[in-house]
file entry_16.cif (mmCIF, C-alpha atoms)
data_target
loop_
_atom_site.label_atom_id
_atom_site.label_comp_id
_atom_site.auth_asym_id
_atom_site.auth_seq_id
_atom_site.Cartn_x
_atom_site.Cartn_y
_atom_site.Cartn_z
CA HIS D 28 -38.95 94.29 125.13
CA ILE D 29 -40.44 91.76 122.73
CA ARG D 30 -41.21 94.34 120.04
CA ALA D 31 -37.77 95.93 120.50
CA ALA D 32 -36.10 92.55 119.92
CA GLY D 33 -37.19 92.64 116.27
CA GLY D 34 -38.28 89.00 116.13
CA ARG D 35 -35.23 87.72 118.01
CA PHE D 36 -37.16 87.09 121.23
CA SER D 37 -37.86 83.49 122.21
CA PHE D 38 -40.13 81.66 124.63
CA GLY D 39 -39.12 78.27 125.98
CA SER D 40 -41.79 75.59 126.07
CA SER D 41 -41.81 72.29 127.95
CA GLY D 42 -43.14 70.60 124.83
CA THR D 43 -45.23 71.19 121.74
CA GLY D 44 -48.94 71.26 122.52
CA GLN D 45 -48.43 71.34 126.28
CA SER D 46 -49.93 74.06 128.49
CA PRO D 47 -46.83 76.33 128.43
CA HIS D 48 -46.73 76.17 124.62
CA VAL D 49 -50.42 76.99 124.36
CA ALA D 50 -49.98 79.80 126.93
CA ALA D 51 -47.24 81.32 124.76
CA GLU D 52 -49.51 81.10 121.70
CA LEU D 53 -52.35 82.71 123.65
CA PHE D 54 -49.97 85.47 124.78
CA ARG D 55 -48.72 85.99 121.21
CA HIS D 56 -52.30 86.59 120.08
CA ALA D 57 -53.34 88.69 123.10
CA ALA D 58 -50.24 90.93 122.93
CA GLY D 59 -50.09 91.10 119.13
CA VAL D 60 -46.37 90.33 119.08
CA GLU D 61 -44.17 87.83 117.29
CA PHE D 62 -41.54 85.62 118.87
CA GLU D 63 -40.05 82.18 118.44
CA ILE D 64 -41.35 79.32 120.59
CA VAL D 65 -38.56 76.84 121.36
CA PRO D 66 -39.88 73.40 122.33
CA TYR D 67 -37.94 71.36 124.90
CA ARG D 68 -38.38 67.86 126.25
CA GLY D 69 -39.79 68.99 129.58
CA ALA D 70 -39.64 72.02 131.85
CA ALA D 71 -36.20 71.34 133.37
CA PRO D 72 -34.19 71.85 130.16
CA ALA D 73 -36.30 74.91 129.27
CA VAL D 74 -35.66 76.46 132.70
CA THR D 75 -31.94 75.62 132.39
CA ASP D 76 -31.74 77.42 129.05
CA MET D 77 -33.67 80.39 130.41
CA LEU D 78 -31.20 80.65 133.31
CA ALA D 79 -28.40 80.57 130.72
CA GLY D 80 -30.07 83.26 128.59
CA THR D 81 -30.70 80.99 125.59
CA VAL D 82 -34.42 81.79 125.75
CA GLN D 83 -35.75 85.03 127.18
CA ALA D 84 -39.05 83.91 128.72
CA MET D 85 -41.34 80.97 129.34
CA PHE D 86 -44.58 79.96 130.95
CA ASP D 87 -43.95 77.37 133.64
CA SER D 88 -45.86 75.70 136.43
CA THR D 89 -43.94 75.28 139.67
CA SER D 90 -40.48 74.10 138.59
CA SER D 91 -39.15 77.66 138.34
CA VAL D 92 -40.46 78.84 141.74
CA PRO D 93 -37.18 78.04 143.58
CA PHE D 94 -35.24 80.12 141.04
CA VAL D 95 -37.67 83.00 141.48
CA ARG D 96 -37.22 82.82 145.26
CA GLN D 97 -33.42 82.79 144.81
CA GLY D 98 -33.65 85.88 142.62
CA ARG D 99 -32.26 84.06 139.58
CA LEU D 100 -35.52 84.39 137.62
CA ARG D 101 -38.20 87.06 137.74
CA ALA D 102 -41.88 86.11 137.83
CA LEU D 103 -43.77 88.61 135.67
CA ALA D 104 -47.32 87.30 136.00
CA VAL D 105 -49.30 84.15 136.69
CA ALA D 106 -51.50 82.76 133.94
CA ASN D 107 -54.42 81.91 136.23
CA ILE D 108 -57.55 83.94 136.91
CA GLU D 109 -56.47 84.35 140.56
CA ARG D 110 -53.06 85.00 142.08
CA SER D 111 -51.03 81.95 143.01
CA PRO D 112 -50.93 80.85 146.65
CA LEU D 113 -47.22 80.07 146.06
CA MET D 114 -46.41 83.63 144.97
CA PRO D 115 -49.28 85.91 146.02
CA GLU D 116 -47.19 89.02 145.29
CA VAL D 117 -47.07 88.20 141.55
CA PRO D 118 -49.95 89.76 139.54
CA THR D 119 -52.15 87.76 137.19
CA MET D 120 -51.98 88.22 133.43
CA ALA D 121 -55.36 89.99 133.67
CA GLU D 122 -53.94 92.41 136.23
CA SER D 123 -51.06 92.96 133.81
CA GLY D 124 -53.39 94.07 131.03
CA PHE D 125 -54.50 90.80 129.42
CA ALA D 126 -58.15 90.44 130.41
CA GLY D 127 -59.52 86.90 130.35
CA PHE D 128 -56.07 85.29 130.06
CA ASP D 129 -56.36 81.94 131.83
CA VAL D 130 -54.20 78.87 131.44
CA SER D 131 -55.22 77.18 134.68
CA SER D 132 -54.71 73.46 134.91
CA TRP D 133 -57.65 71.57 136.34
CA TYR D 134 -58.76 68.08 137.20
CA VAL D 135 -62.27 66.74 137.39
CA ALA D 136 -63.46 63.42 138.81
CA LEU D 137 -65.26 61.32 136.20
CA ALA D 138 -67.36 58.16 136.25
CA PRO D 139 -68.32 55.93 133.35
CA ALA D 140 -71.47 56.82 131.41
CA GLY D 141 -74.39 54.87 132.84
CA THR D 142 -73.16 55.06 136.45
CA PRO D 143 -76.29 55.15 138.62
CA PRO D 144 -77.15 58.77 139.61
CA GLU D 145 -77.21 57.89 143.32
CA ALA D 146 -73.63 56.56 143.07
CA VAL D 147 -72.53 59.75 141.28
CA LEU D 148 -74.12 61.89 144.02
CA THR D 149 -72.49 59.79 146.77
CA LEU D 150 -69.06 60.15 145.15
CA ASN D 151 -69.64 63.86 144.61
CA ALA D 152 -70.58 64.40 148.26
CA ALA D 153 -67.47 62.52 149.41
CA MET D 154 -65.24 64.57 147.07
CA ASN D 155 -66.79 67.82 148.31
CA ARG D 156 -66.15 66.79 151.94
CA VAL D 157 -62.51 66.01 151.18
CA MET D 158 -61.98 69.26 149.22
CA ALA D 159 -63.45 71.25 152.16
CA ARG D 160 -60.85 69.93 154.61
CA PRO D 161 -58.26 72.58 155.60
CA ASP D 162 -55.40 70.05 155.46
CA VAL D 163 -56.32 69.18 151.86
CA ALA D 164 -56.54 72.85 150.86
CA GLU D 165 -53.12 73.42 152.47
CA ARG D 166 -51.52 70.51 150.61
CA LEU D 167 -53.06 71.62 147.33
CA ALA D 168 -51.86 75.20 147.87
CA ALA D 169 -48.32 73.83 148.25
CA ILE D 170 -48.50 72.63 144.65
CA ASN D 171 -50.26 75.76 143.39
CA ALA D 172 -53.73 74.18 143.30
CA VAL D 173 -57.04 75.44 144.62
CA PRO D 174 -59.83 72.98 145.52
CA MET D 175 -63.18 73.46 143.81
CA ARG D 176 -66.41 72.00 145.08
CA GLY D 177 -69.84 71.71 143.52
CA SER D 178 -72.41 69.42 141.98
CA PRO D 179 -71.97 67.04 139.05
CA ALA D 180 -73.90 69.61 136.96
CA ASP D 181 -71.41 72.32 138.05
CA ALA D 182 -68.52 70.10 136.95
CA GLY D 183 -70.19 69.39 133.59
CA ALA D 184 -70.81 73.09 132.97
CA PHE D 185 -67.21 73.92 133.92
CA VAL D 186 -65.81 71.30 131.53
CA GLY D 187 -68.10 72.57 128.75
CA ARG D 188 -66.82 76.15 129.22
CA GLN D 189 -63.22 74.95 129.25
CA LEU D 190 -63.66 72.90 126.07
CA ALA D 191 -65.17 75.87 124.24
CA TYR D 192 -62.40 78.20 125.45
CA TRP D 193 -59.56 75.86 124.47
CA ARG D 194 -61.09 74.99 121.08
CA GLU D 195 -61.02 78.70 120.25
CA VAL D 196 -57.46 79.19 121.56
CA LEU D 197 -56.12 76.14 119.70
CA ALA D 198 -57.90 77.03 116.46
CA ARG D 199 -56.55 80.59 116.60
CA ALA D 200 -53.02 79.26 117.17
CA GLY D 201 -53.37 76.58 114.47
CA ILE D 202 -52.57 73.79 116.92
CA GLY D 203 -53.98 70.35 116.19
CA GLU D 204 -57.52 69.69 115.19
CA ALA D 205 -59.72 71.85 117.42
CA ARG D 206 -62.66 69.46 117.71
#
call {"tool": "encode", "arguments": {"input": "entry_16.cif", "output": "structure tokens"}}
result
Amino acid sequence: HIRAAGGRFSFGSSGTGQSPHVAAELFRHAAGVEFEIVPYRGAAPAVTDMLAGTVQAMFDSTSSVPFVRQGRLRALAVANIERSPLMPEVPTMAESGFAGFDVSSWYVALAPAGTPPEAVLTLNAAMNRVMARPDVAERLAAINAVPMRGSPADAGAFVGRQLAYWREVLARAGIGEAR
């Protein structure tokens, strides 16, 4: 559909440089297609314009889920490595032919440099216990989040991989200074 639109296809974005914008840039590169990215001041106006047909597609987090459930919008794929607990029937971008496509949001607990190692390990153990609780996993799933547990070294390695991945994506898209 994008190629057939002859450059008249547009993706809504909740803001320049935000995850949905970067996801659209990553998709543009992965699919080898051209389209306009229309920046909005947040997801709500972008979703409103997509419902009205002003833009034809967008990457969104959870604000569009009610419209998908009502049948007013169609979820094509999720941009995470794994299917979403909110919509497990929707394939991932990788399952849709875009291997390695991942625009997962993540959070990591940090402590100031110089924090005593024993304090870091104590905090890490407490975080791991909390993330292992079924009630926490259930609450996180309700907002499309999956708990991750591990060591401080695991977290550092994960952040390092993410920084390298996003530097490459941003540089390829010409967004900001990919440091």
call {"tool": "atom_distance", "arguments": {"input": "entry_16.cif", "atom1": "atom CA of Arg55 of chain D", "atom2": "atom CA of Val74 of chain D"}}
result
19.8 Å
call {"tool": "closest_residue", "arguments": {"input": "entry_16.cif", "among": "D:Val135, D:Ala51, D:Leu103, D:Val65", "to": "Ser123 of chain D", "atoms": "all atoms listed in the file"}}
result
D:Leu103
call {"tool": "resolve_selection", "arguments": {"input": "entry_16.cif", "expression": "the PyMOL selection byres ((chain D and resi 125) around 12)", "output": "PyMOL selection string"}}
result
chain D and resi 53-59+104-108+118-124+126-129
call {"tool": "write_last_selection", "arguments": {"input": "entry_16.cif", "atoms": "C-alpha atoms", "output": "PDB file, keeping the file's coordinate frame"}}
result
ATOM      1  CA  LEU D  53     -52.350  82.710 123.650  1.00  0.00           C
ATOM      2  CA  PHE D  54     -49.970  85.470 124.780  1.00  0.00           C
ATOM      3  CA  ARG D  55     -48.720  85.990 121.210  1.00  0.00           C
ATOM      4  CA  HIS D  56     -52.300  86.590 120.080  1.00  0.00           C
ATOM      5  CA  ALA D  57     -53.340  88.690 123.100  1.00  0.00           C
ATOM      6  CA  ALA D  58     -50.240  90.930 122.930  1.00  0.00           C
ATOM      7  CA  GLY D  59     -50.090  91.100 119.130  1.00  0.00           C
ATOM      8  CA  ALA D 104     -47.320  87.300 136.000  1.00  0.00           C
ATOM      9  CA  VAL D 105     -49.300  84.150 136.690  1.00  0.00           C
ATOM     10  CA  ALA D 106     -51.500  82.760 133.940  1.00  0.00           C
ATOM     11  CA  ASN D 107     -54.420  81.910 136.230  1.00  0.00           C
ATOM     12  CA  ILE D 108     -57.550  83.940 136.910  1.00  0.00           C
ATOM     13  CA  PRO D 118     -49.950  89.760 139.540  1.00  0.00           C
ATOM     14  CA  THR D 119     -52.150  87.760 137.190  1.00  0.00           C
ATOM     15  CA  MET D 120     -51.980  88.220 133.430  1.00  0.00           C
ATOM     16  CA  ALA D 121     -55.360  89.990 133.670  1.00  0.00           C
ATOM     17  CA  GLU D 122     -53.940  92.410 136.230  1.00  0.00           C
ATOM     18  CA  SER D 123     -51.060  92.960 133.810  1.00  0.00           C
ATOM     19  CA  GLY D 124     -53.390  94.070 131.030  1.00  0.00           C
ATOM     20  CA  ALA D 126     -58.150  90.440 130.410  1.00  0.00           C
ATOM     21  CA  GLY D 127     -59.520  86.900 130.350  1.00  0.00           C
ATOM     22  CA  PHE D 128     -56.070  85.290 130.060  1.00  0.00           C
ATOM     23  CA  ASP D 129     -56.360  81.940 131.830  1.00  0.00           C
TER      24      ASP D 129
END
call {"tool": "residues_near_point", "arguments": {"input": "entry_16.cif", "point": "(-66.3, 74.1, 150.5)", "cutoff": "10 Å", "atoms": "all atoms listed in the file", "output": "PyMOL selection string"}}
result
chain D and resi 155-161+164+174-177
call {"tool": "resolve_selection", "arguments": {"input": "entry_16.cif", "expression": "the PyMOL selection byres ((chain D and resi 178-182) around 10)", "output": "count of residues only"}}
result
20
call {"tool": "atom_distance", "arguments": {"input": "entry_16.cif", "atom1": "atom CA of Asp87 of chain D", "atom2": "atom CA of Ala70 of chain D"}}
result
7.1 Å
call {"tool": "atom_distance", "arguments": {"input": "entry_16.cif", "atom1": "atom CA of Ile64 of chain D", "atom2": "atom CA of Phe38 of chain D"}}
result
4.8 Å
call {"tool": "resolve_selection", "arguments": {"input": "entry_16.cif", "expression": "the PyMOL selection byres ((chain D and resi 77) around 12)", "output": "short mmCIF file (atom, residue, chain, number, x, y, z; two decimals) with C-alpha atoms, keeping the file's coordinate frame"}}
result
data_model
loop_
_atom_site.label_atom_id
_atom_site.label_comp_id
_atom_site.auth_asym_id
_atom_site.auth_seq_id
_atom_site.Cartn_x
_atom_site.Cartn_y
_atom_site.Cartn_z
CA PHE D 36 -37.16 87.09 121.23
CA SER D 37 -37.86 83.49 122.21
CA PHE D 38 -40.13 81.66 124.63
CA GLY D 39 -39.12 78.27 125.98
CA SER D 40 -41.79 75.59 126.07
CA SER D 41 -41.81 72.29 127.95
CA VAL D 65 -38.56 76.84 121.36
CA TYR D 67 -37.94 71.36 124.90
CA ALA D 70 -39.64 72.02 131.85
CA ALA D 71 -36.20 71.34 133.37
CA PRO D 72 -34.19 71.85 130.16
CA ALA D 73 -36.30 74.91 129.27
CA VAL D 74 -35.66 76.46 132.70
CA THR D 75 -31.94 75.62 132.39
CA ASP D 76 -31.74 77.42 129.05
CA LEU D 78 -31.20 80.65 133.31
CA ALA D 79 -28.40 80.57 130.72
CA GLY D 80 -30.07 83.26 128.59
CA THR D 81 -30.70 80.99 125.59
CA VAL D 82 -34.42 81.79 125.75
CA GLN D 83 -35.75 85.03 127.18
CA ALA D 84 -39.05 83.91 128.72
CA MET D 85 -41.34 80.97 129.34
CA PHE D 86 -44.58 79.96 130.95
CA ASP D 87 -43.95 77.37 133.64
CA SER D 91 -39.15 77.66 138.34
CA PHE D 94 -35.24 80.12 141.04
CA ARG D 99 -32.26 84.06 139.58
CA LEU D 100 -35.52 84.39 137.62
CA ARG D 101 -38.20 87.06 137.74
#
call {"tool": "closest_residue", "arguments": {"input": "entry_16.cif", "among": "D:Glu52, D:Glu63, D:Glu116, D:Glu109", "to": "Arg96 of chain D", "atoms": "only C-alpha atoms"}}
result
D:Glu116
